[in-house]
Number of protein chains: 2
Amino acid sequence: MTTLQDLETPCLVLDRARLDRNLTAMRTRCQALGVSLRTHVKTPKSIEIGRLAHGGATGPIAVSTLREAEYFAKGGFRNILNAVAIAPAKLARVAAIQQATGSTVRIVLDSDVVARAVAEFARDQTGAPIEVLIEIDCGEHRSGIAPDDPVLLDIAAHLAKPKVRLAGVMSHGGHSYASADPAEIRKVAGIERDSAVAAARRLRAAGHAAPMVSVGSSPTILYADHLDGVTEARCGVYTLWDLAQASRGICRLEDIAATVLTTVIGHNRAAQSLILDAGALALSKDISANTFMPAAGYGLVCDAQTAAPLGSLCVNAVHQEHGTVKVPDASWYAKLPIGSLVRVMPNHTCMTCAAYETYHVLDGNRVVDTWGRVNGW
Amino acid sequence: MTTLQDLETPCLVLDRARLDRNLTAMRTRCQALGVSLRTHVKTPKSIEIGRLAHGGATGPIAVSTLREAEYFAKGGFRNILNAVAIAPAKLARVAAIQQATGSTVRIVLDSDVVARAVAEFARDQTGAPIEVLIEIDCGEHRSGIAPDDPVLLDIAAHLAKPKVRLAGVMSHGGHSYASADPAEIRKVAGIERDSAVAAARRLRAAGHAAPMVSVGSSPTILYADHLDGVTEARCGVYTLWDLAQASRGICRLEDIAATVLTTVIGHNRAAQSLILDAGALALSKDISANTFMPAAGYGLVCDAQTAAPLGSLCVNAVHQEHGTVKVPDASWYAKLPIGSLVRVMPNHTCMTCAAYETYHVLDGNRVVDTWGRVNGW
C-alpha cells in the first residue's frame, strides 16, 4: 500500500472524493441550466480528470494551448475548443491535429485580419474544415469584440468561405473573479450571457448559422440566473478549486482537491518559523487569494492526512525551493518536527499545478493512482 | 536554416553570445578572487550551460533539488552540492545517486536532529560516505544557524561518525537581493564571508577538518572586497541574468540572455493594448523587478531580432495564456501587427525558465541548437 509517506516531496496530491464531488456538482448544475458542459481542461490538464468530468466519457473540452489540444485529441477527445485567439502561424498545427486524430479543434479569433488568414489557410489545405468561434468581449476588456461591433459581420463575411465554418461565438466573464459579491457575479453572468446571445443573433440575422453560443467561467456558471440562448458552459477551476475561489465564497476550503505535499526541512527558532521544501516553484508566486483572504499568503498550511488547515498557518515567504511559515508559538516545533509532512492549499490551482507532471491520487490515506498532466506549449 | 519564425510560441530563446559573455565574466571574477566557482545550476538547469560555465568541463555545481542532482550526475558532473537543507527521508535518494553515478552529492543541514539522522543513515548504508556542509545564517534569516551558535559544535559532533564526512560550511547572503546600493551589497558580501569563515574556524578549533567554505549569491560574489578564507563561490543567476538584477544595477539589460519569444495574437484598440500568447504560465507571476524598476510589469517587451526594448512597452497584466501590453498610441498596431513576434525579458529568470523544457539557442538570427532543462522534483 502506498501512502503519503512514500512520496517524494514536494508533489501534487489529488483528493479523489473532493474531485468527484466537484465534477458531479458542475454536471448537475449544467443539466439544471439546460446547457452542455465544456470542461476547460487548462486547469487540470489531465486526460483522467477530463474523462471523469464527463462521467467517464471524452466529452466536450476547452483548451488554452495547442499542446493541450494534441494531448487530449490523442487521448480520444473529439470535441475540442482552443479558447485563446489563434495566431495565423498556428493554423498548420491545428489542421495537423485534426488530420492525425479525427478530432475537431475549433479555434477562436476576434479580428478581420485573422479571419482573412484563416480563410486563406483553409482554402489551400486538404483536411477537415476549420471551425471558428468569434470571441465576444462582455466587459473583461482583455480580448474579443463588443457584441455590437460592426466588425462582427465583417469577420463573419470573411469566414463565409469554402472549408471554413463559422461555428458561433464565445464569451468569458473573467472579471467575475474580481468580486466576492454574489449579486455582482450574477450581474456579470447576465452580461456574459446577453453579450454572447446578442452577437449570435446578429450573426443569424445576417444569414450565418452560428449554432454555438459558448460562455463561462466557473463563478458565472454557478451564479447565472439562467442561460437561455446559450448552448454550452465553459469552466475549469471548479474541477480542483483553490483559495482564490474560496476567498470569495465561490467554493469552500473543503472543496479544494489539489494540494502540495511538502516536508518540514527546518526549524528557524530565531525567526519563529518552519521551513518547507515547497517554495516559489512548488507553489507558484500567485497570491491572488490575498485580496479577499489576506492571511492566505502563498498558501494555507494543512494537516497532511486530513487537509484541514493547521491553525492559521500559511506560507509567508517563498524562495525558489524554500517556503517559510511563521509560527505563533514554539509549540509548533513539537507538532511539526523536521521531517514531518504537511499539505499546502494553493492560491490559484492553475498556476500551482503547472509545476508538476503528475497527480498522486489520494483515496483516504492511500495513494491509489498516478495521473499525468500536460504542461508547456 | 532555422530562425525565430520557425519556433512555436511561447518558447524560451537563449542568446548564445550573451550567455558566453556572462559565463566568462564570472569565471574571470572567481579567478581574481582566488576561489573555485561552483555554478548554481538551479537557474539554468541545463547540462550544456553547466558545462559551458566551466569552459566545457563538468566542474563543481550546486543544485536545489535532488532531481537536478540526478540529471547532472547522469550528465557527468561529479562534484555536486545540494544546497537546500536535507530532509531525512531524502537520504536514500542521495545515496542512490552517489552509488549509480559515482558522483559526490554533498548535502546541507542546520540542525542536530538531522545531523543525528544522517549519522544513523550513513552507518547502515554500504555506499560512499555522506558528505555534509553545515548551513550558516549570515543575516538573511531564512535558514541556517548563526556562526556563534553553540549547536554548531553539537552538529559537528553528531557528524563525527563512520561513513559521514563534515565537509565544511556554506552561507548564502540572499538578502543582498533587497538592495540596489553597491555599498550595502558589499557589506552583505563581507558578512556572508566573515560568517562562513568564522564558523569554519570554530569547527577547526574543535578538531574538525571542515575544508570547504562555500559562500555566494551572484551579487555578493560580484561586489565582495575579497574572499579570504573562502574556498568557493556559489552563484547561478549570473548565467542568464534578469530584470530583477538589472533593476538594481547588478547587470545590464544587454546581459539578459534568456527571453520568452511570443506572438502578438490580438489588438484590443478599445483597451489600447496588444495581446500576447505569453501569459502567467509563460512569464511566471514573479514581479520582483518592479521594486526598483516600477515599469517592468511582468516583463519588458523587446524586438524579436535584437532583443532591444521596444519603447517602454511592458506586459502590464497576465492571465493564464494571455499577456496584455498597453500601448501609448495607435502607431504600435502597425509596428506590431497580429502575428508578429516579440521577446519578453523576464523579471526573475529562475521562475520564468522553469515553465520550459528547452532552450532554443540563438546565434545572431539563427536558431542553432536546442538544449534540455530539468524541471520538477
# chains A, B, ... in the order shown; residues from 1 in each chain; ligands from 1
>>> residues_around(residues="Leu12 (chain A)", least_positions_apart="2", cutoff="9 Å", atoms="only C-alpha atoms", output="list in words")
Thr9, Pro10, Leu14, Ala258, Thr259, Val260, Leu261, Ala282, Thr352, Cys353, Tyr356, Glu357, Thr358, Tyr359, His360 and Val361 of chain A
>>> write_last_selection(atoms="C-alpha atoms", output="JSON list (two decimals), in the first residue's frame")
[["chain", "number", "residue", "atom", "x", "y", "z"],
["A", 9, "THR", "CA", 8.20, 15.96, -1.76],
["A", 10, "PRO", "CA", 7.20, 18.43, -3.00],
["A", 14, "LEU", "CA", -5.35, 14.99, -5.52],
["A", 258, "ALA", "CA", -5.36, 19.50, -5.28],
["A", 259, "THR", "CA", -2.76, 20.38, -2.65],
["A", 260, "VAL", "CA", 1.01, 20.37, -2.48],
["A", 261, "LEU", "CA", 2.53, 17.76, -0.18],
["A", 282, "ALA", "CA", 6.35, 24.32, -6.00],
["A", 352, "THR", "CA", 0.45, 25.75, -8.94],
["A", 353, "CYS", "CA", -0.42, 22.50, -10.70],
["A", 356, "TYR", "CA", 4.00, 19.20, -11.76],
["A", 357, "GLU", "CA", 3.91, 16.34, -14.24],
["A", 358, "THR", "CA", 1.62, 14.12, -12.19],
["A", 359, "TYR", "CA", -1.17, 13.98, -9.65],
["A", 360, "HIS", "CA", -0.82, 11.45, -6.86],
["A", 361, "VAL", "CA", -4.41, 10.40, -6.38]]
>>> calpha_fit_and_write(fixed="chain B", moving="chain A", output="tab-separated table (two decimals) with C-alpha atoms, in the first residue's frame")
chain	number	residue	atom	x	y	z
A	1	MET	CA	18.32	27.30	-41.53
A	2	THR	CA	16.02	27.63	-38.52
A	3	THR	CA	15.04	31.14	-37.47
A	4	LEU	CA	12.79	32.57	-34.77
A	5	GLN	CA	9.90	32.45	-37.25
A	6	ASP	CA	10.11	28.66	-37.25
A	7	LEU	CA	9.53	28.29	-33.51
A	8	GLU	CA	6.20	27.59	-31.81
A	9	THR	CA	5.38	30.36	-29.35
A	10	PRO	CA	5.64	30.90	-26.47
A	11	CYS	CA	9.11	29.44	-26.07
A	12	LEU	CA	12.40	30.21	-24.43
A	13	VAL	CA	15.26	31.59	-26.51
A	14	LEU	CA	18.81	31.84	-25.32
A	15	ASP	CA	21.27	34.32	-26.76
A	16	ARG	CA	24.49	32.35	-27.05
A	17	ALA	CA	26.79	35.39	-27.21
A	18	ARG	CA	25.28	36.91	-24.05
A	19	LEU	CA	25.47	33.58	-22.25
A	20	ASP	CA	29.14	33.15	-23.14
A	21	ARG	CA	29.93	36.67	-22.01
A	22	ASN	CA	28.18	36.14	-18.68
A	23	LEU	CA	29.91	32.82	-18.06
A	24	THR	CA	33.35	34.15	-18.93
A	25	ALA	CA	32.92	37.21	-16.73
A	26	MET	CA	32.11	35.13	-13.65
A	27	ARG	CA	34.95	32.67	-14.28
A	28	THR	CA	37.32	35.63	-14.53
A	29	ARG	CA	35.87	37.17	-11.39
A	30	CYS	CA	36.29	33.98	-9.35
A	31	GLN	CA	39.87	33.59	-10.58
A	32	ALA	CA	40.60	37.13	-9.46
A	33	LEU	CA	39.06	36.37	-6.05
A	34	GLY	CA	41.09	33.18	-5.77
A	35	VAL	CA	38.07	30.92	-5.24
A	36	SER	CA	36.66	27.96	-7.08
A	37	LEU	CA	33.43	28.65	-8.98
A	38	ARG	CA	30.52	26.38	-8.08
A	39	THR	CA	27.80	27.30	-10.54
A	40	HIS	CA	24.33	27.10	-9.04
A	41	VAL	CA	22.51	25.30	-11.82
A	42	LYS	CA	19.08	25.87	-10.24
A	43	THR	CA	18.98	28.84	-12.59
A	44	PRO	CA	19.84	27.30	-15.98
A	45	LYS	CA	19.02	23.63	-15.09
A	46	SER	CA	20.79	22.59	-18.27
A	47	ILE	CA	23.74	20.24	-18.73
A	48	GLU	CA	25.00	22.28	-21.67
A	49	ILE	CA	25.03	25.53	-19.70
A	50	GLY	CA	26.54	23.75	-16.69
A	51	ARG	CA	29.42	22.60	-18.89
A	52	LEU	CA	29.91	25.95	-20.57
A	53	ALA	CA	30.05	27.62	-17.16
A	54	HIS	CA	33.25	25.67	-16.60
A	55	GLY	CA	34.67	26.20	-20.07
A	56	GLY	CA	33.32	22.88	-21.32
A	57	ALA	CA	34.20	20.78	-18.26
A	58	THR	CA	31.84	19.19	-15.73
A	59	GLY	CA	33.02	21.45	-12.91
A	60	PRO	CA	31.58	21.92	-9.43
A	61	ILE	CA	27.88	22.71	-9.27
A	62	ALA	CA	25.22	23.45	-6.70
A	63	VAL	CA	21.67	22.18	-7.17
A	64	SER	CA	18.41	22.92	-5.36
A	65	THR	CA	16.55	19.64	-5.94
A	66	LEU	CA	17.54	16.00	-6.01
A	67	ARG	CA	16.10	15.69	-9.48
A	68	GLU	CA	18.66	18.26	-10.60
A	69	ALA	CA	21.32	16.22	-8.78
A	70	GLU	CA	20.24	13.08	-10.66
A	71	TYR	CA	20.16	14.82	-14.02
A	72	PHE	CA	23.57	16.45	-13.66
A	73	ALA	CA	25.17	13.35	-12.13
A	74	LYS	CA	23.96	11.32	-15.10
A	75	GLY	CA	25.37	14.08	-17.28
A	76	GLY	CA	28.84	13.49	-15.85
A	77	PHE	CA	29.01	16.13	-13.11
A	78	ARG	CA	30.92	14.53	-10.25
A	79	ASN	CA	31.07	17.37	-7.70
A	80	ILE	CA	27.54	18.32	-6.65
A	81	LEU	CA	26.27	20.24	-3.65
A	82	ASN	CA	22.55	20.00	-2.91
A	83	ALA	CA	22.28	23.44	-1.35
A	84	VAL	CA	18.85	23.10	0.35
A	85	ALA	CA	18.61	21.59	3.86
A	86	ILE	CA	18.07	17.87	3.51
A	87	ALA	CA	15.10	16.00	4.96
A	88	PRO	CA	15.97	12.61	6.47
A	89	ALA	CA	13.57	10.83	4.10
A	90	LYS	CA	15.66	12.05	1.15
A	91	LEU	CA	18.93	10.47	2.25
A	92	ALA	CA	18.23	7.21	0.44
A	93	ARG	CA	17.88	9.10	-2.83
A	94	VAL	CA	21.15	10.95	-2.21
A	95	ALA	CA	22.93	7.65	-1.60
A	96	ALA	CA	21.32	6.09	-4.66
A	97	ILE	CA	22.55	8.91	-6.90
A	98	GLN	CA	26.06	8.57	-5.49
A	99	GLN	CA	26.00	4.82	-5.98
A	100	ALA	CA	24.57	4.89	-9.49
A	101	THR	CA	26.85	7.58	-10.87
A	102	GLY	CA	29.98	7.76	-8.74
A	103	SER	CA	29.26	11.45	-8.20
A	104	THR	CA	29.55	13.06	-4.78
A	105	VAL	CA	26.27	14.71	-3.77
A	106	ARG	CA	27.08	16.76	-0.70
A	107	ILE	CA	24.15	17.67	1.50
A	108	VAL	CA	23.37	20.62	3.75
A	109	LEU	CA	21.78	20.72	7.20
A	110	ASP	CA	21.33	23.15	10.06
A	111	SER	CA	20.06	21.07	12.99
A	112	ASP	CA	21.32	18.43	15.37
A	113	VAL	CA	18.15	16.41	14.74
A	114	VAL	CA	19.04	15.97	11.09
A	115	ALA	CA	22.75	15.51	11.87
A	116	ARG	CA	21.84	12.53	14.05
A	117	ALA	CA	19.56	11.13	11.33
A	118	VAL	CA	22.36	11.45	8.78
A	119	ALA	CA	24.82	9.62	11.04
A	120	GLU	CA	22.32	6.81	11.59
A	121	PHE	CA	21.54	6.55	7.92
A	122	ALA	CA	25.20	6.56	6.91
A	123	ARG	CA	26.12	3.86	9.43
A	124	ASP	CA	23.66	1.43	7.87
A	125	GLN	CA	24.42	2.02	4.21
A	126	THR	CA	27.11	0.48	2.07
A	127	GLY	CA	27.92	3.20	-0.42
A	128	ALA	CA	30.32	6.13	-0.37
A	129	PRO	CA	30.38	8.35	2.73
A	130	ILE	CA	27.73	11.03	3.10
A	131	GLU	CA	29.40	14.43	2.90
A	132	VAL	CA	27.80	17.29	4.79
A	133	LEU	CA	28.03	21.06	4.94
A	134	ILE	CA	26.54	22.98	7.83
A	135	GLU	CA	24.42	25.94	6.76
A	136	ILE	CA	25.35	29.25	8.37
A	137	ASP	CA	22.87	32.12	8.57
A	138	CYS	CA	24.66	35.34	7.64
A	139	GLY	CA	21.68	37.64	8.06
A	140	GLU	CA	19.03	36.54	5.61
A	141	HIS	CA	17.34	34.64	8.48
A	142	ARG	CA	15.76	32.10	6.15
A	143	SER	CA	17.66	29.03	7.30
A	144	GLY	CA	20.99	28.10	8.81
A	145	ILE	CA	22.46	28.75	12.25
A	146	ALA	CA	24.41	31.76	13.44
A	147	PRO	CA	28.20	31.29	13.21
A	148	ASP	CA	28.47	31.55	17.00
A	149	ASP	CA	25.51	29.26	17.76
A	150	PRO	CA	26.53	26.61	20.33
A	151	VAL	CA	24.67	23.98	18.28
A	152	LEU	CA	27.34	24.25	15.57
A	153	LEU	CA	29.72	22.07	17.56
A	154	ASP	CA	26.91	19.70	18.59
A	155	ILE	CA	26.08	19.15	14.94
A	156	ALA	CA	29.74	18.58	14.15
A	157	ALA	CA	30.00	16.05	16.98
A	158	HIS	CA	26.98	14.13	15.67
A	159	LEU	CA	28.62	14.02	12.27
A	160	ALA	CA	31.96	12.71	13.56
A	161	LYS	CA	30.87	9.18	12.81
A	162	PRO	CA	31.83	6.39	10.40
A	163	LYS	CA	30.77	6.90	6.78
A	164	VAL	CA	29.96	10.59	7.36
A	165	ARG	CA	32.29	13.43	6.50
A	166	LEU	CA	31.86	16.99	7.68
A	167	ALA	CA	32.98	18.74	4.52
A	168	GLY	CA	32.61	22.29	5.79
A	169	VAL	CA	30.17	25.18	5.89
A	170	MET	CA	28.05	27.17	3.49
A	171	SER	CA	26.42	30.57	3.73
A	172	HIS	CA	24.10	32.47	1.38
A	173	GLY	CA	23.73	36.25	1.48
A	174	GLY	CA	20.37	36.19	-0.24
A	175	HIS	CA	19.36	39.43	1.44
A	176	SER	CA	21.76	41.17	-0.96
A	177	TYR	CA	18.80	40.94	-3.38
A	178	ALA	CA	16.93	43.53	-1.34
A	179	SER	CA	19.32	46.36	-2.13
A	180	ALA	CA	20.38	48.39	-5.15
A	181	ASP	CA	23.15	50.13	-3.22
A	182	PRO	CA	26.63	48.78	-4.03
A	183	ALA	CA	27.89	49.75	-0.57
A	184	GLU	CA	25.10	47.77	1.07
A	185	ILE	CA	25.67	44.73	-1.17
A	186	ARG	CA	29.40	44.91	-0.43
A	187	LYS	CA	28.56	44.94	3.27
A	188	VAL	CA	26.36	41.85	2.92
A	189	ALA	CA	29.15	40.16	0.96
A	190	GLY	CA	31.55	40.89	3.80
A	191	ILE	CA	29.20	39.49	6.43
A	192	GLU	CA	28.50	36.43	4.29
A	193	ARG	CA	32.23	35.75	4.01
A	194	ASP	CA	33.02	36.52	7.64
A	195	SER	CA	30.15	34.36	8.93
A	196	ALA	CA	31.24	31.33	6.93
A	197	VAL	CA	34.92	31.79	7.76
A	198	ALA	CA	34.17	32.26	11.48
A	199	ALA	CA	32.07	29.10	11.60
A	200	ALA	CA	34.78	27.10	9.79
A	201	ARG	CA	37.38	28.38	12.27
A	202	ARG	CA	35.26	27.28	15.22
A	203	LEU	CA	34.90	23.83	13.69
A	204	ARG	CA	38.63	23.57	13.03
A	205	ALA	CA	39.48	24.81	16.52
A	206	ALA	CA	37.33	21.94	17.80
A	207	GLY	CA	39.33	19.47	15.75
A	208	HIS	CA	37.14	19.09	12.67
A	209	ALA	CA	38.74	19.36	9.24
A	210	ALA	CA	35.90	21.29	7.55
A	211	PRO	CA	37.89	22.05	4.42
A	212	MET	CA	35.09	23.69	2.41
A	213	VAL	CA	33.95	27.26	2.97
A	214	SER	CA	31.24	27.95	0.41
A	215	VAL	CA	29.52	31.32	0.04
A	216	GLY	CA	27.53	33.15	-2.52
A	217	SER	CA	24.83	34.76	-4.48
A	218	SER	CA	25.67	36.44	-7.77
A	219	PRO	CA	25.56	39.99	-6.32
A	220	THR	CA	27.74	39.24	-3.31
A	221	ILE	CA	30.36	37.46	-5.42
A	222	LEU	CA	30.49	40.40	-7.81
A	223	TYR	CA	30.72	43.03	-5.04
A	224	ALA	CA	32.89	41.30	-2.41
A	225	ASP	CA	36.08	43.21	-1.51
A	226	HIS	CA	37.86	39.90	-1.08
A	227	LEU	CA	37.05	36.29	-0.24
A	228	ASP	CA	39.98	35.43	2.01
A	229	GLY	CA	39.31	32.20	3.84
A	230	VAL	CA	36.58	31.18	1.41
A	231	THR	CA	37.19	28.20	-0.88
A	232	GLU	CA	34.33	28.50	-3.36
A	233	ALA	CA	31.69	30.84	-4.75
A	234	ARG	CA	28.15	29.63	-5.42
A	235	CYS	CA	26.13	31.69	-7.89
A	236	GLY	CA	23.57	30.97	-10.55
A	237	VAL	CA	21.54	33.89	-11.82
A	238	TYR	CA	24.67	35.39	-13.43
A	239	THR	CA	24.39	32.74	-16.14
A	240	LEU	CA	21.22	34.27	-17.60
A	241	TRP	CA	20.60	37.51	-15.64
A	242	ASP	CA	17.16	39.10	-15.49
A	243	LEU	CA	15.24	42.29	-14.83
A	244	ALA	CA	15.34	41.87	-11.05
A	245	GLN	CA	19.13	42.03	-11.24
A	246	ALA	CA	19.21	44.73	-13.92
A	247	SER	CA	16.77	46.81	-11.86
A	248	ARG	CA	19.41	47.03	-9.13
A	249	GLY	CA	22.35	47.65	-11.45
A	250	ILE	CA	23.85	44.19	-10.91
A	251	CYS	CA	23.76	43.55	-14.66
A	252	ARG	CA	22.73	45.48	-17.76
A	253	LEU	CA	19.67	44.82	-19.89
A	254	GLU	CA	22.09	43.75	-22.66
A	255	ASP	CA	23.31	40.92	-20.44
A	256	ILE	CA	19.92	39.21	-20.13
A	257	ALA	CA	20.44	36.01	-22.08
A	258	ALA	CA	17.12	34.15	-21.82
A	259	THR	CA	13.92	35.73	-23.10
A	260	VAL	CA	10.45	34.48	-23.96
A	261	LEU	CA	9.57	34.55	-27.65
A	262	THR	CA	5.88	35.32	-28.06
A	263	THR	CA	3.38	36.16	-30.79
A	264	VAL	CA	1.04	39.15	-30.93
A	265	ILE	CA	-2.36	37.42	-31.06
A	266	GLY	CA	-4.63	40.43	-30.74
A	267	HIS	CA	-5.09	44.18	-30.97
A	268	ASN	CA	-7.55	45.47	-28.42
A	269	ARG	CA	-7.97	49.04	-29.66
A	270	ALA	CA	-10.75	49.78	-27.18
A	271	ALA	CA	-8.39	48.94	-24.32
A	272	GLN	CA	-5.33	50.40	-26.11
A	273	SER	CA	-3.42	47.18	-25.85
A	274	LEU	CA	-1.71	44.34	-27.64
A	275	ILE	CA	-2.38	40.76	-26.60
A	276	LEU	CA	0.48	38.25	-26.50
A	277	ASP	CA	0.37	34.47	-26.29
A	278	ALA	CA	2.71	34.67	-23.27
A	279	GLY	CA	0.77	34.95	-20.04
A	280	ALA	CA	1.14	33.92	-16.43
A	281	LEU	CA	2.44	30.43	-17.18
A	282	ALA	CA	4.86	31.56	-19.88
A	283	LEU	CA	6.28	34.49	-17.90
A	284	SER	CA	5.55	33.45	-14.28
A	285	LYS	CA	3.82	35.76	-11.85
A	286	ASP	CA	7.10	36.96	-10.36
A	287	ILE	CA	7.20	40.76	-10.43
A	288	SER	CA	10.25	41.22	-8.23
A	289	ALA	CA	11.94	43.64	-10.65
A	290	ASN	CA	9.20	46.19	-10.01
A	291	THR	CA	10.59	47.22	-6.61
A	292	PHE	CA	13.44	49.07	-8.27
A	293	MET	CA	12.07	49.20	-11.85
A	294	PRO	CA	8.38	50.03	-11.45
A	295	ALA	CA	7.78	49.94	-15.21
A	296	ALA	CA	8.96	46.33	-15.55
A	297	GLY	CA	5.46	44.88	-15.18
A	298	TYR	CA	5.55	41.17	-15.92
A	299	GLY	CA	8.44	41.75	-18.32
A	300	LEU	CA	9.85	44.22	-20.83
A	301	VAL	CA	8.70	43.81	-24.42
A	302	CYS	CA	11.65	43.71	-26.82
A	303	ASP	CA	12.34	43.47	-30.51
A	304	ALA	CA	12.35	39.82	-31.57
A	305	GLN	CA	15.59	40.11	-33.55
A	306	THR	CA	17.70	42.48	-31.48
A	307	ALA	CA	16.16	41.94	-28.03
A	308	ALA	CA	16.28	45.72	-27.56
A	309	PRO	CA	13.35	47.10	-25.53
A	310	LEU	CA	10.52	48.46	-27.67
A	311	GLY	CA	9.89	51.93	-26.28
A	312	SER	CA	8.73	51.44	-22.72
A	313	LEU	CA	6.35	48.60	-23.52
A	314	CYS	CA	5.91	46.01	-20.82
A	315	VAL	CA	3.47	43.23	-20.07
A	316	ASN	CA	1.00	45.03	-17.81
A	317	ALA	CA	-1.34	42.17	-17.00
A	318	VAL	CA	-1.35	38.42	-17.36
A	319	HIS	CA	-3.93	35.69	-17.49
A	320	GLN	CA	-3.02	32.03	-17.83
A	321	GLU	CA	-2.15	32.23	-21.54
A	322	HIS	CA	-2.69	35.93	-22.31
A	323	GLY	CA	-0.31	38.82	-21.76
A	324	THR	CA	-1.68	42.35	-22.09
A	325	VAL	CA	0.63	45.16	-23.26
A	326	LYS	CA	-0.70	48.72	-23.00
A	327	VAL	CA	0.46	50.86	-25.91
A	328	PRO	CA	0.90	54.63	-25.64
A	329	ASP	CA	-0.51	55.30	-29.11
A	330	ALA	CA	-2.07	53.57	-32.09
A	331	SER	CA	1.17	53.53	-34.09
A	332	TRP	CA	2.07	50.30	-32.30
A	333	TYR	CA	-0.64	48.36	-34.11
A	334	ALA	CA	1.20	48.95	-37.38
A	335	LYS	CA	4.61	48.32	-35.83
A	336	LEU	CA	3.44	45.08	-34.24
A	337	PRO	CA	0.71	43.57	-36.41
A	338	ILE	CA	-1.14	40.45	-35.32
A	339	GLY	CA	1.15	37.51	-35.94
A	340	SER	CA	4.38	39.41	-35.31
A	341	LEU	CA	6.95	38.20	-32.82
A	342	VAL	CA	8.41	39.98	-29.80
A	343	ARG	CA	10.64	38.81	-26.98
A	344	VAL	CA	9.93	39.44	-23.29
A	345	MET	CA	12.71	39.91	-20.74
A	346	PRO	CA	11.75	38.12	-17.53
A	347	ASN	CA	11.56	39.55	-14.01
A	348	HIS	CA	13.17	36.51	-12.45
A	349	THR	CA	14.77	34.10	-14.85
A	350	CYS	CA	14.76	31.13	-12.42
A	351	MET	CA	10.97	31.33	-12.24
A	352	THR	CA	10.30	32.01	-15.91
A	353	CYS	CA	12.62	29.39	-17.36
A	354	ALA	CA	11.06	26.71	-15.13
A	355	ALA	CA	7.99	26.68	-17.37
A	356	TYR	CA	10.02	25.38	-20.31
A	357	GLU	CA	11.64	22.07	-21.21
A	358	THR	CA	14.13	23.51	-23.68
A	359	TYR	CA	16.21	26.51	-24.66
A	360	HIS	CA	16.25	27.45	-28.32
A	361	VAL	CA	19.81	28.65	-28.72
A	362	LEU	CA	20.19	31.75	-30.84
A	363	ASP	CA	23.35	32.74	-32.68
A	364	GLY	CA	22.54	36.06	-34.32
A	365	ASN	CA	19.35	35.35	-36.27
A	366	ARG	CA	19.82	31.61	-36.45
A	367	VAL	CA	18.47	29.03	-34.05
A	368	VAL	CA	21.49	26.77	-33.86
A	369	ASP	CA	20.61	24.31	-31.13
A	370	THR	CA	18.05	23.05	-28.63
A	371	TRP	CA	19.22	22.39	-25.09
A	372	GLY	CA	17.25	20.48	-22.50
A	373	ARG	CA	16.37	21.55	-18.96
A	374	VAL	CA	15.38	19.56	-15.91
A	375	ASN	CA	12.30	20.77	-14.03
A	376	GLY	CA	10.25	19.40	-11.18
A	377	TRP	CA	11.38	17.25	-8.32
>>> select_by_dssp(residues="region 311-364 of chain B", states="strand (DSSP E)", output="PyMOL selection string")
chain B and resi 311-314+317-318+323-326+341-345+358-363
>>> select_by_dssp(residues="region 144-327 of chain B", states="helix (DSSP H, G or I)", output="count of residues only")
62
